[in-house]
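Following: one structure in structure tokens, then a few remarks.
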Amino acid sequence: MFVVRKPNELENLIDKLKKSNKKVGFVPTMGALHKGHLSLLEQSKKENDFSVVSIFVNPTQFNSPVDLEKYPRTELMDLKILEEAGCDVVFVPDVLGIYPGGTFSEKFDFKGLEFQMEGKFRPGHFDGVGTVVKRLFEIVSPDNAYFGEKDFQQLRIIQQMVELLGLEINIVAVPIMREDDGLAMSSRNQRLTPEMRKEAPKIYQILKEAAKYFQKHPVKKVREFVIAQFEDTILKLEYFEIADEKTLRPIVDCENSEHIRAFVAVFAGDIRLIDNLKLK
Ligand code: AMP
């Protein structure tokens, strides 16, 4: 496994691969790797000749300096995990490599996707995500890039960005990997106290109950049901939304949407957790 830290070194390597017609798969991550990340790599390995995983904690997508500072960083362990998983190249750039002109976000028009859900509570977050992924795509030039449905809104934003910029990159959506008790795997789970860790699976339990409730009740009632359920936990609900998978707009009439998903964000102490579940 190659560990590459300089963008131009990776560009040279990818150039050579492309000249010999190798298909390149790419998995962008912020490190603190878990099985969710590895499921993206597994899929990339199946569908490409060469797989690149990047590890970069992107400062422009964090809303709070404390959250950025507290984000887990486990590079040595990550490299070991990736080596064992059969990754071909790990790209570990520094901030200057990604932001040579300064740590700023580009402003994007994601056709309204950026104003829903996460966008309401994390202003500028998706400009940061778009900026870093665009830059990483420039360096890696992948044929296929893998994104988890865990961050469904991010996945839709990246699909929109690829369309907007006319990039010839196939975006592959990978299902959510969960712990045995249903908690969606996340780097942030490492920070949960034992008490929080015990409560956190309720996020998925409540989503599943909401999915059942949704079959027989209007959206407004489902929302009331979910709010009440979270009141019985130590988790603080930030938002619950039932939205169209394409537009991410809240559902008004279920008949008008082919694909519907429930989205949730909660706080366990100062740790923010998100999850989602397909309803239709
Ligand atoms: P992150 O390191 O949190 O930025 O995540 C990197 C990629 O892994 C993103 O595309 C995430 O959506 C994806 N990912 C994170 N957690 C999971 C999970 N539990 N299941 C599937 N994909 C995930």
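Labeling convention for the structure tokens: chains A, B, ... as they appear, residues from 1 per chain, ligands from 1 in order of appearance.
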Report task. Please identify the residues whose atoms come within 8 Å of ligand 1, using only C-alpha atoms and all ligand atoms, and report them as number ranges by chain. Result -> A: 27-37, 39-40, 55, 57, 146-152, 154-155, 174-178, 184-187
Query raised in the report: Can you tell me, as a PyMOL selection string, what residues are no more than 7 Å from Ile260 of chain A when counting only C-alpha atoms, ignoring any on the same chain fewer than 3 positions away?
Result: chain A and resi 242-245+257+278-280
Would you export the selected residues with C-alpha atoms as a PDB file, in the first residue's frame, please?
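What follows is the written file selection30.pdb:
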```
ATOM      1  CA  ILE A 242     -39.623  13.094   6.113  1.00  0.00           C
ATOM      2  CA  ALA A 243     -38.357  14.155   2.715  1.00  0.00           C
ATOM      3  CA  ASP A 244     -38.281  13.329  -0.965  1.00  0.00           C
ATOM      4  CA  GLU A 245     -34.992  11.546  -1.777  1.00  0.00           C
ATOM      5  CA  SER A 257     -43.124  11.296  -4.177  1.00  0.00           C
ATOM      6  CA  LYS A 278     -35.929   4.658   3.586  1.00  0.00           C
ATOM      7  CA  LEU A 279     -39.714   4.763   3.980  1.00  0.00           C
ATOM      8  CA  LYS A 280     -40.838   4.322   0.357  1.00  0.00           C
TER       9      LYS A 280
END
```
Query raised in the report: Between A:Gln153, A:Gln205, A:Asn144, A:Gln160, which has the minimum distance to Lys46 of chain A (counting only C-alpha atoms)?
Result: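 Ranked by minimum distance to Lys46 of chain A, first place goes to A:Asn144.
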Query raised in the report: Taking the backbone alone, and naming residues the way the document does, which bits of segment 3-230 of chain A are strand (DSSP E or B) by DSSP, as number ranges by chain?
Result: A: 3-4, 24-29, 50-55, 89-91, 144-148, 170-174, 178, 184
Preceding selection exported with N, CA, C and O atoms as a short mmCIF file (atom, residue, chain, number, x, y, z; two decimals), in the first residue's frame:
```cif
data_model
loop_
_atom_site.label_atom_id
_atom_site.label_comp_id
_atom_site.auth_asym_id
_atom_site.auth_seq_id
_atom_site.Cartn_x
_atom_site.Cartn_y
_atom_site.Cartn_z
N VAL A 3 1.47 5.17 0.75
CA VAL A 3 0.93 6.29 1.53
C VAL A 3 1.47 7.56 0.88
O VAL A 3 2.68 7.79 0.84
N VAL A 4 0.57 8.36 0.32
CA VAL A 4 0.97 9.55 -0.43
C VAL A 4 0.47 10.79 0.30
O VAL A 4 -0.70 10.83 0.71
N VAL A 24 -9.94 3.63 -11.71
CA VAL A 24 -9.62 4.11 -10.36
C VAL A 24 -10.89 4.36 -9.54
O VAL A 24 -11.78 5.10 -9.97
N GLY A 25 -10.95 3.74 -8.37
CA GLY A 25 -12.06 3.97 -7.43
C GLY A 25 -11.55 4.84 -6.29
O GLY A 25 -10.39 4.73 -5.88
N PHE A 26 -12.44 5.69 -5.76
CA PHE A 26 -12.01 6.65 -4.74
C PHE A 26 -13.00 6.69 -3.58
O PHE A 26 -14.21 6.79 -3.78
N VAL A 27 -12.46 6.64 -2.36
CA VAL A 27 -13.28 6.72 -1.14
C VAL A 27 -12.75 7.86 -0.27
O VAL A 27 -11.74 7.71 0.42
N PRO A 28 -13.42 9.02 -0.31
CA PRO A 28 -12.98 10.12 0.57
C PRO A 28 -13.48 9.91 2.00
O PRO A 28 -14.65 9.58 2.20
N THR A 29 -12.60 10.09 2.98
CA THR A 29 -13.00 9.96 4.39
C THR A 29 -12.30 11.04 5.23
O THR A 29 -11.36 11.68 4.76
N PHE A 50 -7.95 -0.23 -9.08
CA PHE A 50 -7.08 0.46 -8.14
C PHE A 50 -7.96 1.32 -7.23
O PHE A 50 -8.81 2.04 -7.70
N SER A 51 -7.76 1.20 -5.91
CA SER A 51 -8.61 1.98 -5.00
C SER A 51 -7.79 2.94 -4.14
O SER A 51 -6.80 2.55 -3.53
N VAL A 52 -8.25 4.18 -4.13
CA VAL A 52 -7.61 5.24 -3.34
C VAL A 52 -8.56 5.63 -2.20
O VAL A 52 -9.73 5.90 -2.44
N VAL A 53 -8.04 5.66 -0.98
CA VAL A 53 -8.80 6.19 0.16
C VAL A 53 -8.09 7.45 0.62
O VAL A 53 -6.86 7.45 0.78
N SER A 54 -8.85 8.53 0.80
CA SER A 54 -8.21 9.73 1.36
C SER A 54 -8.63 9.90 2.81
O SER A 54 -9.75 9.53 3.20
N ILE A 55 -7.70 10.44 3.59
CA ILE A 55 -7.99 10.78 4.99
C ILE A 55 -7.65 12.25 5.15
O ILE A 55 -6.48 12.65 5.03
N VAL A 89 -3.87 2.75 -2.33
CA VAL A 89 -3.21 4.01 -1.99
C VAL A 89 -4.00 4.75 -0.92
O VAL A 89 -5.23 4.85 -1.00
N VAL A 90 -3.31 5.24 0.09
CA VAL A 90 -3.94 6.15 1.05
C VAL A 90 -3.38 7.53 0.77
O VAL A 90 -2.15 7.72 0.72
N PHE A 91 -4.27 8.46 0.61
CA PHE A 91 -3.87 9.85 0.37
C PHE A 91 -4.13 10.62 1.67
O PHE A 91 -5.28 10.70 2.12
N ASN A 144 -14.85 6.02 -10.47
CA ASN A 144 -15.97 5.82 -9.54
C ASN A 144 -15.61 6.41 -8.17
O ASN A 144 -14.48 6.23 -7.72
N ALA A 145 -16.57 7.08 -7.54
CA ALA A 145 -16.33 7.59 -6.19
C ALA A 145 -17.47 7.11 -5.29
O ALA A 145 -18.64 7.11 -5.69
N TYR A 146 -17.13 6.69 -4.08
CA TYR A 146 -18.05 5.98 -3.20
C TYR A 146 -18.44 6.84 -2.01
O TYR A 146 -17.58 7.37 -1.30
N PHE A 147 -19.76 6.96 -1.80
CA PHE A 147 -20.28 7.78 -0.69
C PHE A 147 -21.35 6.99 0.05
O PHE A 147 -22.16 6.28 -0.57
N GLY A 148 -21.36 7.13 1.38
CA GLY A 148 -22.30 6.37 2.20
C GLY A 148 -23.66 7.03 2.29
O GLY A 148 -23.76 8.26 2.37
N ASN A 170 -18.50 8.60 -11.82
CA ASN A 170 -19.71 7.89 -11.42
C ASN A 170 -19.78 7.86 -9.88
O ASN A 170 -18.87 7.37 -9.23
N ILE A 171 -20.88 8.41 -9.34
CA ILE A 171 -21.03 8.43 -7.88
C ILE A 171 -21.81 7.19 -7.45
O ILE A 171 -22.94 6.96 -7.91
N VAL A 172 -21.21 6.41 -6.58
CA VAL A 172 -21.82 5.16 -6.13
C VAL A 172 -22.30 5.31 -4.68
O VAL A 172 -21.52 5.72 -3.81
N ALA A 173 -23.59 5.02 -4.46
CA ALA A 173 -24.18 5.12 -3.11
C ALA A 173 -24.04 3.78 -2.41
O ALA A 173 -24.37 2.74 -2.97
N VAL A 174 -23.56 3.82 -1.17
CA VAL A 174 -23.35 2.57 -0.41
C VAL A 174 -24.26 2.60 0.84
O VAL A 174 -24.31 3.61 1.55
N ARG A 178 -24.38 -0.75 10.14
CA ARG A 178 -24.82 -0.54 11.52
C ARG A 178 -24.13 -1.50 12.47
O ARG A 178 -23.74 -2.60 12.07
N ALA A 184 -26.03 3.39 13.72
CA ALA A 184 -25.26 3.61 12.49
C ALA A 184 -23.80 3.86 12.87
O ALA A 184 -23.51 4.66 13.76
#
```
Query - Interatomic distance (Å, one decimal) between atom CA of Ile251 of chain A and atom CA of Tyr239 of chain A - result: 14.5 Å
At a cut-off of 10 Å, can you tabulate as CSV every residue of segment 140-188 of chain A near segment 102-112 of chain A together with its closest atom pair and the distance in Å to one decimal, using only C-alpha atoms and ordering rows by chain then number?
```
residue,atom,partner,partner_atom,distance
A:Arg156,CA,A:Phe110,CA,9.2
A:Ile157,CA,A:Phe110,CA,6.4
A:Ile158,CA,A:Phe110,CA,8.9
A:Gln159,CA,A:Phe110,CA,9.6
A:Gln160,CA,A:Phe110,CA,6.2
A:Met161,CA,A:Phe110,CA,6.8
A:Glu163,CA,A:Phe110,CA,9.9
A:Leu164,CA,A:Phe110,CA,8.1
```
**Report entry** Spatial neighbours of segment 228-231 of chain A, max dist 12 Å, only C-alpha atoms, sep filter under 6 positions, as an MDAnalysis selection string
**Finding:** chainID A and resid 199:210 221:222 237:240 264:268
Report task. Write down as a PyMOL selection string the residues belonging to segment 32-257 of chain A that are assigned alpha helix (DSSP H) by DSSP computed on the backbone. Result -> chain A and resi 35-47+65-70+75-85+95-98+118-121+125-140+152-165+194-199+202-216+219-231
If you keep C-alpha atoms, can you produce a file of those selected residues as a CSV table (one decimal), in the first residue's frame?
```
chain,number,residue,atom,x,y,z
A,35,LYS,CA,-16.5,-0.9,9.1
A,36,GLY,CA,-18.8,1.6,7.4
A,37,HIS,CA,-15.8,3.2,5.7
A,38,LEU,CA,-14.5,-0.3,4.8
A,39,SER,CA,-17.7,-1.3,3.1
A,40,LEU,CA,-17.1,1.6,0.7
A,41,LEU,CA,-13.6,0.4,0.1
A,42,GLU,CA,-14.8,-3.2,-0.4
A,43,GLN,CA,-17.2,-2.0,-3.1
A,44,SER,CA,-14.5,0.1,-4.8
A,45,LYS,CA,-12.2,-2.9,-4.8
A,46,LYS,CA,-14.8,-5.0,-6.6
A,47,GLU,CA,-15.5,-2.4,-9.2
A,65,PRO,CA,-13.9,25.0,16.1
A,66,VAL,CA,-14.5,22.8,19.1
A,67,ASP,CA,-16.1,20.1,17.0
A,68,LEU,CA,-13.2,20.3,14.5
A,69,GLU,CA,-10.7,20.0,17.4
A,70,LYS,CA,-12.5,17.1,19.1
A,75,GLU,CA,-3.9,8.0,11.6
A,76,LEU,CA,-1.6,5.1,12.6
A,77,MET,CA,-4.5,2.8,13.3
A,78,ASP,CA,-6.3,3.9,10.1
A,79,LEU,CA,-3.2,3.0,8.0
A,80,LYS,CA,-3.0,-0.4,9.6
A,81,ILE,CA,-6.7,-1.0,9.0
A,82,LEU,CA,-6.4,0.1,5.3
A,83,GLU,CA,-3.3,-2.1,4.7
A,84,GLU,CA,-5.2,-5.1,6.1
A,85,ALA,CA,-8.2,-4.3,4.0
A,95,VAL,CA,-4.3,21.5,4.9
A,96,LEU,CA,-1.9,23.4,2.6
A,97,GLY,CA,-2.0,20.6,0.0
A,98,ILE,CA,-5.8,20.9,-0.2
A,118,GLU,CA,-28.3,19.7,7.7
A,119,GLY,CA,-28.1,22.9,5.7
A,120,LYS,CA,-30.5,24.6,8.1
A,121,PHE,CA,-28.5,23.7,11.2
A,125,HIS,CA,-21.3,23.1,5.7
A,126,PHE,CA,-22.1,21.9,2.2
A,127,ASP,CA,-20.0,24.6,0.6
A,128,GLY,CA,-17.1,23.2,2.7
A,129,VAL,CA,-18.0,19.6,1.6
A,130,GLY,CA,-18.3,20.7,-2.1
A,131,THR,CA,-15.0,22.6,-2.0
A,132,VAL,CA,-13.0,19.7,-0.5
A,133,VAL,CA,-14.6,17.0,-2.7
A,134,LYS,CA,-14.1,19.0,-5.9
A,135,ARG,CA,-10.4,19.5,-5.0
A,136,LEU,CA,-10.0,15.8,-4.2
A,137,PHE,CA,-11.7,14.9,-7.4
A,138,GLU,CA,-9.2,17.1,-9.3
A,139,ILE,CA,-6.3,15.3,-7.7
A,140,VAL,CA,-7.6,11.7,-7.9
A,152,PHE,CA,-27.6,10.9,2.5
A,153,GLN,CA,-27.9,14.7,2.0
A,154,GLN,CA,-24.1,14.8,1.3
A,155,LEU,CA,-24.5,12.0,-1.2
A,156,ARG,CA,-27.2,14.0,-3.1
A,157,ILE,CA,-25.1,17.2,-2.9
A,158,ILE,CA,-22.1,15.4,-4.5
A,159,GLN,CA,-24.4,13.9,-7.2
A,160,GLN,CA,-25.6,17.4,-7.9
A,161,MET,CA,-22.1,18.9,-8.0
A,162,VAL,CA,-20.9,16.3,-10.5
A,163,GLU,CA,-23.9,17.2,-12.7
A,164,LEU,CA,-23.3,20.9,-12.2
A,165,LEU,CA,-19.6,20.7,-13.1
A,194,PRO,CA,-21.1,4.3,28.1
A,195,GLU,CA,-24.5,5.8,29.1
A,196,MET,CA,-24.8,7.6,25.8
A,197,ARG,CA,-23.7,4.5,23.9
A,198,LYS,CA,-26.5,2.5,25.6
A,199,GLU,CA,-29.1,5.1,24.5
A,202,LYS,CA,-32.8,4.2,20.1
A,203,ILE,CA,-32.2,6.5,17.1
A,204,TYR,CA,-32.6,3.6,14.8
A,205,GLN,CA,-35.3,2.0,16.9
A,206,ILE,CA,-37.4,5.2,16.7
A,207,LEU,CA,-36.7,5.5,13.0
A,208,LYS,CA,-38.0,2.0,12.4
A,209,GLU,CA,-41.1,2.6,14.6
A,210,ALA,CA,-41.7,5.8,12.6
A,211,ALA,CA,-41.5,3.8,9.4
A,212,LYS,CA,-44.3,1.6,10.6
A,213,TYR,CA,-46.3,4.5,11.9
A,214,PHE,CA,-45.8,6.3,8.5
A,215,GLN,CA,-47.8,3.4,6.7
A,216,LYS,CA,-51.0,4.4,8.5
A,219,VAL,CA,-46.6,13.1,8.2
A,220,LYS,CA,-47.7,15.5,10.9
A,221,LYS,CA,-48.7,12.7,13.2
A,222,VAL,CA,-45.4,10.8,12.5
A,223,ARG,CA,-43.5,13.9,13.5
A,224,GLU,CA,-45.4,14.2,16.8
A,225,PHE,CA,-44.8,10.5,17.5
A,226,VAL,CA,-41.1,10.8,16.9
A,227,ILE,CA,-40.7,14.0,19.0
A,228,ALA,CA,-42.6,12.2,21.9
A,229,GLN,CA,-40.3,9.1,21.6
A,230,PHE,CA,-37.1,11.1,21.8
A,231,GLU,CA,-38.5,12.9,24.9
```
Query raised in the report: Between A:Met117, A:Gly86, A:Tyr71, A:Ser20, which is the closest to Pro59 of chain A once you count only C-alpha atoms?
Result: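 Nearest to Pro59 of chain A: A:Tyr71.
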Requested in this report: Could you check which of A:Asn276, A:Leu167, A:Asp270, A:Pro250 is closest to Phe115 of chain A, using only C-alpha atoms?
Outcome: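 Between A:Asn276, A:Leu167, A:Asp270, A:Pro250, the residue approaching Phe115 of chain A most closely is A:Pro250.
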Query raised in the report: Hey, can you check how far atom CA of Pro218 of chain A sits from atom CA of Cys254 of chain A?
Result: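 Atom CA of Pro218 of chain A sits 8.7 Å away from atom CA of Cys254 of chain A.
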Query - Interatomic distance (Å, one decimal) between atom CA of Asn8 of chain A and atom CA of Gly166 of chain A - result: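 One can read the atom CA of Asn8 of chain A to atom CA of Gly166 of chain A distance as 23.2 Å.
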